[in-house]
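This report refers to the structure that appears directly beneath it.
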Amino acid sequence: MSFSNRFSQSNRRITFGLSFIQLIKAVLSFFTVLVSSAYFGASFERDIWVLCIVITAIMNGIFFGPIIQIFRTKFIFLKEEKGEAEALRSIGSLLCFMFAIGIGLVAVVELIPGIITKVFTTTFSDDQKESFITILRIVCPTLLFFIITSILSGLLNIYNVFYIPEIMSIFTSIINVGMILFFASTYGIYALVWSNYTSTGLLIIVLFFYIHKTGIPIFKYLNFKIRYAYEYLSMSLPFYFTYFISQILVGLENALSSFLGVGNVSVLDYSRKFVNIPNSIIQSTTNIILAPTMVKIHVNEGEKAFTLELSKFIDLFLLICMPVITVFVICSEEVVRVFLVRGAFDVKYIEPTKQALFWFGLGIISIVFYQTVTQALVAQGKVKITAIVTSLMGFLILGLNLLFFKRYGIQVLAFSWSVSHFIVAIILYFMVSSKYSSYLLIELSRKLFLIAIILILSYFVHEVVDSNFLTESGNFNSIILIAMIVFFSVATEITLIYLLKFKEKEIITSYIKRFTSKKLS
């Protein structure tokens with residue numbers, strides 16, 4: 001049996017397979033960050049690169065984020081209701097309109113970049129502003145690449161081609177790292193620019209090839225008829241306010257980081273890149289697997305089955321992410337020292353990076369709940385109320401940032417992100433089902449109790465080992481401590497699950513039985 005067939009037999013296997021591939025991608029992406037930190041550290045050059053990527057991402061989020069979020073689900077609806085040809089025609093129209101809007105946005109940035117850059121350059125000199133604008137003009141066209149890769153990858157996923165786009169992106173990430181290693185010392189920050197273009201361009205070529213190989217006639221249905229694209233625009237419209245608020249907050253967050261001085265943008269980016277590993281797994285698998293799965297359960301099996309399945313998905317994600325959460329929260333300083341303190345990275349940035357990583361680590365819990373619950377509510381058709389509640393999160397983040405960033409520095413930006421996501425996620429969690437609210441409350445208490453016990457016990461182990469056995473600082477001792485906490489958190493998690501008879505034991509037991517039966521056979 002082939003790899004793709006083996007891991008396409010059930011939603012659980014697809015989730016596991018995609019999570020594993022996303023983990024590899026995230027690790028490679030993280031390795032890119034490590035290489036960048038060695039060559040550029042927390043410098044002005046690295047800051048403007050991050051700001052240019054952020055600006056492009058903000059434009060993506062504001063104009064295309066809601067459509068990307070819902071288009072897989074909407075395509076399945078259209079395919080079932082109106083047939084495949086009509087669904088493909090609507091996607092063809094959507095792609096054309098998105099690309100046209102993208103060209104317009106790129107043109108604005110190329111012609112009048114000052115309307116965007118002035119928000120981030122209040123403390124920049126004239127020469128620094130010019131450098132920033134130059135890099136932004138070069139980076140901005142990658143907006144068009146994002147449109148193409150998002151739609152084509154999504155289409156392949158819809159037609160049950162889950163692994164090819166993800167596996168290919170692994171190879172492009174390796175190319176990305178290689179180009180930085182070979183060219184960063186000669187071409188500086190431009191090595192990041194050209195590696196980004198090269199890797200993304202190769203990914204697009206492979207996506208085109210597999211669209212053709214799979215026999216998806218998307219290019220036959222390209223058109224500029226707004227009535228087809230409107231199918232997606234109408235469903236995504238309630239999310240635009242939420243996305244607008246969230247992307248403005250991202251911009252404000254980076255503007256505040258820039259205001260705090262050179263290096264702070266990079267510090268925030270480095271700490272966030274650590275948690276992007278689990279967060280990218282959660283986001284991609286919820287979009288690809290959870291959304292269409294929950295739609296089918298909601299339509300065919302009813303509210304009880306829907307609520308039970310949602311709880312199982314949350315359990316699965318927490319089970320996978322808990323060791324990572326524990327390391328980032330308990331061993332944040334050790335992680336920063338091992339992975340970042342080398343080359344151009346100045347030791348004075350250890351403390352702010354460690355503080356931000358602590359809060360981002362706790363924020364992984366928030367993202368597990370937030371991503372799964374929002375996709376579940378979309379599957380139930382509760383789009384408007386979800387959009388309204390999630391938009392409130394933006395104001396909460398904004399208020400916390402403006403009130404405390406001058407006093408507490410960069411860590412407030414991580415704190416506000418994590419806490420606000422958690423509060424909103426819990427509100428949305430209880431909106432899934434009023435009929436089974438007591439069940440949801442019991443499940444939430446059980447999950448949070450397990451998390452708290454693991455973190456508290458891991459903290460005491462960390463303190464005892466660090467104070468009594470690893471008295472000298474150094475990377476080797478830090479690695480030992482991280483490894484011990486990973487092992488302890490996994491062992492504690494499994495022990496508590498079995499002792500307290502939590503439902504996660506069924507997942508663990510099933511995988512152990514499958515593994516042992518294969519070994520015996």
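Chain labels follow the order of the structure tokens: the first chain is A, the next B, and so on; residue numbering restarts at 1 in every chain, and ligands are counted from 1 in their shown order.
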- Could you name the residues that touch A:Ile314 at 10 Å or less, counting only C-alpha atoms, but leaving out those on the same chain fewer than 4 positions away, as a ChimeraX atom specification? /A:282,309-310,318-319,365,368-373,443-444,447
- Query: Near A:Thr122, within 10 Å and counting only C-alpha atoms, which residues show up once chain neighbours fewer than 4 positions away are dropped, as a VMD selection string?
  - Reply: chain A and resid 117 to 118 129 255 258 to 259
Selected residues written out with N, CA, C and O atoms, as a short mmCIF file (atom, residue, chain, number, x, y, z; two decimals), in the first residue's frame:
data_model
loop_
_atom_site.label_atom_id
_atom_site.label_comp_id
_atom_site.auth_asym_id
_atom_site.auth_seq_id
_atom_site.Cartn_x
_atom_site.Cartn_y
_atom_site.Cartn_z
N THR A 117 4.51 52.69 4.77
CA THR A 117 5.73 52.58 5.57
C THR A 117 5.81 53.61 6.70
O THR A 117 6.47 53.36 7.70
N LYS A 118 5.14 54.74 6.55
CA LYS A 118 5.30 55.80 7.56
C LYS A 118 4.80 55.38 8.95
O LYS A 118 5.23 55.92 9.97
N LYS A 129 14.77 54.66 6.22
CA LYS A 129 13.48 54.66 5.51
C LYS A 129 13.65 54.23 4.06
O LYS A 129 12.84 53.46 3.52
N ALA A 255 4.44 47.92 14.74
CA ALA A 255 4.77 49.33 14.85
C ALA A 255 5.24 49.67 16.26
O ALA A 255 6.20 50.42 16.45
N SER A 258 8.69 48.31 16.76
CA SER A 258 9.66 49.20 16.11
C SER A 258 9.90 50.46 16.94
O SER A 258 11.03 50.93 17.06
N PHE A 259 8.83 50.96 17.55
CA PHE A 259 8.92 52.16 18.40
C PHE A 259 9.81 51.92 19.62
O PHE A 259 10.49 52.83 20.10
#
- Query: For A:Ser153, which of A:Val486, A:Val424, A:Leu207, A:Val461 is the closest residue, counting only C-alpha atoms?
  - Reply: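 Closest residue, counting only C-alpha atoms: A:Leu207.
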- Query: Which is closest to A:Ala414 among A:Leu144, A:Ile385, A:Ile427, A:Val275, if we use only C-alpha atoms?
  - Reply: A:Val275
- Message: For a test of reading the model, state the distance in Å between atom CA of A:His298 and atom CA of A:Gln380, rounded to one decimal.
- Response: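 It comes out at 6.4 Å.
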- Could you give me, as an NGL selection string, the residues within 9 Å of stretch 347-361 of chain A, counting only C-alpha atoms and dropping anything in the same chain fewer than 6 positions from it? :A and (42 or 263-264 or 267-268 or 270-272 or 274-275 or 324-337 or 340-341 or 409-419)
Go ahead and dump the residues you just picked, C-alpha atoms, as a PDB file, in the first residue's frame.
ATOM      1  CA  ALA A  42      18.267  41.213  16.192  1.00  0.00           C
ATOM      2  CA  GLY A 263      15.979  44.699  17.499  1.00  0.00           C
ATOM      3  CA  ASN A 264      12.569  44.508  19.155  1.00  0.00           C
ATOM      4  CA  VAL A 267      12.839  39.646  19.131  1.00  0.00           C
ATOM      5  CA  LEU A 268       9.062  39.403  18.782  1.00  0.00           C
ATOM      6  CA  TYR A 270      11.962  35.049  16.856  1.00  0.00           C
ATOM      7  CA  SER A 271       9.806  34.220  19.873  1.00  0.00           C
ATOM      8  CA  ARG A 272       6.698  33.895  17.707  1.00  0.00           C
ATOM      9  CA  PHE A 274       8.975  29.025  18.016  1.00  0.00           C
ATOM     10  CA  VAL A 275       5.227  28.658  18.540  1.00  0.00           C
ATOM     11  CA  VAL A 324       5.825  21.565  23.271  1.00  0.00           C
ATOM     12  CA  ILE A 325       3.716  23.888  25.414  1.00  0.00           C
ATOM     13  CA  THR A 326       5.493  22.641  28.544  1.00  0.00           C
ATOM     14  CA  VAL A 327       8.963  23.243  27.096  1.00  0.00           C
ATOM     15  CA  PHE A 328       8.172  26.772  25.892  1.00  0.00           C
ATOM     16  CA  VAL A 329       6.576  27.760  29.203  1.00  0.00           C
ATOM     17  CA  ILE A 330       8.941  26.036  31.653  1.00  0.00           C
ATOM     18  CA  CYS A 331      12.214  26.101  29.680  1.00  0.00           C
ATOM     19  CA  SER A 332      11.837  29.368  27.759  1.00  0.00           C
ATOM     20  CA  GLU A 333      15.304  30.670  28.692  1.00  0.00           C
ATOM     21  CA  GLU A 334      17.000  27.371  27.860  1.00  0.00           C
ATOM     22  CA  VAL A 335      15.252  27.279  24.474  1.00  0.00           C
ATOM     23  CA  VAL A 336      16.437  30.804  23.617  1.00  0.00           C
ATOM     24  CA  ARG A 337      20.021  30.057  24.678  1.00  0.00           C
ATOM     25  CA  LEU A 340      19.282  31.661  19.163  1.00  0.00           C
ATOM     26  CA  VAL A 341      22.388  32.746  21.076  1.00  0.00           C
ATOM     27  CA  GLY A 409       7.892  46.179  26.929  1.00  0.00           C
ATOM     28  CA  ILE A 410       7.744  43.467  24.304  1.00  0.00           C
ATOM     29  CA  GLN A 411       6.250  40.755  26.546  1.00  0.00           C
ATOM     30  CA  VAL A 412       2.917  42.621  26.729  1.00  0.00           C
ATOM     31  CA  LEU A 413       2.400  42.009  22.999  1.00  0.00           C
ATOM     32  CA  ALA A 414       2.707  38.244  23.560  1.00  0.00           C
ATOM     33  CA  PHE A 415       0.615  38.330  26.751  1.00  0.00           C
ATOM     34  CA  SER A 416      -2.293  40.211  25.152  1.00  0.00           C
ATOM     35  CA  TRP A 417      -2.309  37.861  22.140  1.00  0.00           C
ATOM     36  CA  SER A 418      -2.450  34.707  24.269  1.00  0.00           C
ATOM     37  CA  VAL A 419      -4.953  35.862  26.887  1.00  0.00           C
TER      38      VAL A 419
END
- Query: Interatomic distance between atom CA of A:Ile364 and atom CA of A:Ser37?
  - Reply: 23.1 Å
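Neighbours of A:Ile211 closer than or equal to 9 Å, with only C-alpha atoms counted and sequence neighbours fewer than 6 positions away skipped, come out as Leu152, Ser153, Leu155, Leu156, Pro217 and Ile218 of chain A.
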Create the file for the chosen residues now, containing all heavy atoms and written as a compact mmCIF listing (two decimals), in the first residue's frame.
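Done, and the output landed in result.txt:
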# COMPACT_ATOMS: atom_id res chain seq x y z
N LEU A 152 -4.70 26.91 -5.35
CA LEU A 152 -4.35 25.63 -5.97
C LEU A 152 -4.15 24.53 -4.93
O LEU A 152 -4.59 23.39 -5.13
CB LEU A 152 -3.10 25.78 -6.84
CG LEU A 152 -3.21 26.72 -8.04
CD1 LEU A 152 -1.96 26.62 -8.91
CD2 LEU A 152 -4.45 26.41 -8.87
N SER A 153 -3.50 24.84 -3.81
CA SER A 153 -3.35 23.85 -2.74
C SER A 153 -4.70 23.45 -2.18
O SER A 153 -4.96 22.25 -1.93
CB SER A 153 -2.48 24.41 -1.61
OG SER A 153 -1.17 24.66 -2.05
N LEU A 155 -7.59 23.49 -3.74
CA LEU A 155 -8.27 22.66 -4.73
C LEU A 155 -7.77 21.22 -4.68
O LEU A 155 -8.56 20.27 -4.73
CB LEU A 155 -8.05 23.22 -6.13
CG LEU A 155 -9.13 24.15 -6.69
CD1 LEU A 155 -8.74 24.63 -8.08
CD2 LEU A 155 -10.48 23.46 -6.73
N LEU A 156 -6.46 21.05 -4.59
CA LEU A 156 -5.91 19.69 -4.50
C LEU A 156 -6.40 18.99 -3.24
O LEU A 156 -6.71 17.80 -3.26
CB LEU A 156 -4.38 19.75 -4.52
CG LEU A 156 -3.74 20.09 -5.87
CD1 LEU A 156 -2.24 20.33 -5.72
CD2 LEU A 156 -3.99 18.97 -6.89
N PRO A 217 -9.94 20.63 -14.02
CA PRO A 217 -9.93 21.58 -15.15
C PRO A 217 -10.18 23.03 -14.73
O PRO A 217 -11.01 23.72 -15.32
CB PRO A 217 -11.05 21.05 -16.05
CG PRO A 217 -12.03 20.47 -15.07
CD PRO A 217 -11.22 19.91 -13.94
N ILE A 218 -9.46 23.50 -13.73
CA ILE A 218 -9.70 24.84 -13.21
C ILE A 218 -9.44 25.92 -14.25
O ILE A 218 -10.19 26.90 -14.35
CB ILE A 218 -8.85 25.09 -11.93
CG1 ILE A 218 -9.05 26.51 -11.39
CG2 ILE A 218 -7.38 24.84 -12.21
CD1 ILE A 218 -10.44 26.82 -10.96
- Do a neighbour search on A:Phe306 at 10 Å with only C-alpha atoms, toss out local chain neighbours closer than 6 positions, and write the hits as a PyMOL selection string. chain A and resi 293-300+376+379-380+432-433
Might you pull out every residue within 9 Å of A:Trp194, with only C-alpha atoms counted and same-chain residues fewer than 6 positions away left off, and present them as a JSON list (two decimals) with all heavy atoms, in the first residue's frame?
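Generated output (result33.json):
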[["chain", "number", "residue", "atom", "x", "y", "z"],
["A", 176, "ASN", "N", 15.34, 26.96, 0.44],
["A", 176, "ASN", "CA", 15.35, 28.27, 1.10],
["A", 176, "ASN", "C", 16.52, 28.37, 2.08],
["A", 176, "ASN", "O", 17.29, 29.35, 2.07],
["A", 176, "ASN", "CB", 14.02, 28.44, 1.84],
["A", 176, "ASN", "CG", 13.72, 29.89, 2.18],
["A", 176, "ASN", "OD1", 14.32, 30.80, 1.65],
["A", 176, "ASN", "ND2", 12.78, 30.09, 3.07],
["A", 179, "MET", "N", 20.00, 28.45, 0.25],
["A", 179, "MET", "CA", 20.34, 29.73, -0.37],
["A", 179, "MET", "C", 20.81, 30.75, 0.67],
["A", 179, "MET", "O", 21.72, 31.54, 0.42],
["A", 179, "MET", "CB", 19.15, 30.28, -1.15],
["A", 179, "MET", "CG", 18.83, 29.47, -2.40],
["A", 179, "MET", "SD", 17.56, 30.26, -3.44],
["A", 179, "MET", "CE", 18.44, 31.72, -4.02],
["A", 180, "ILE", "N", 20.19, 30.71, 1.85],
["A", 180, "ILE", "CA", 20.62, 31.63, 2.91],
["A", 180, "ILE", "C", 22.04, 31.30, 3.36],
["A", 180, "ILE", "O", 22.89, 32.19, 3.54],
["A", 180, "ILE", "CB", 19.64, 31.58, 4.10],
["A", 180, "ILE", "CG1", 18.27, 32.09, 3.68],
["A", 180, "ILE", "CG2", 20.16, 32.42, 5.27],
["A", 180, "ILE", "CD1", 17.18, 31.89, 4.72]]
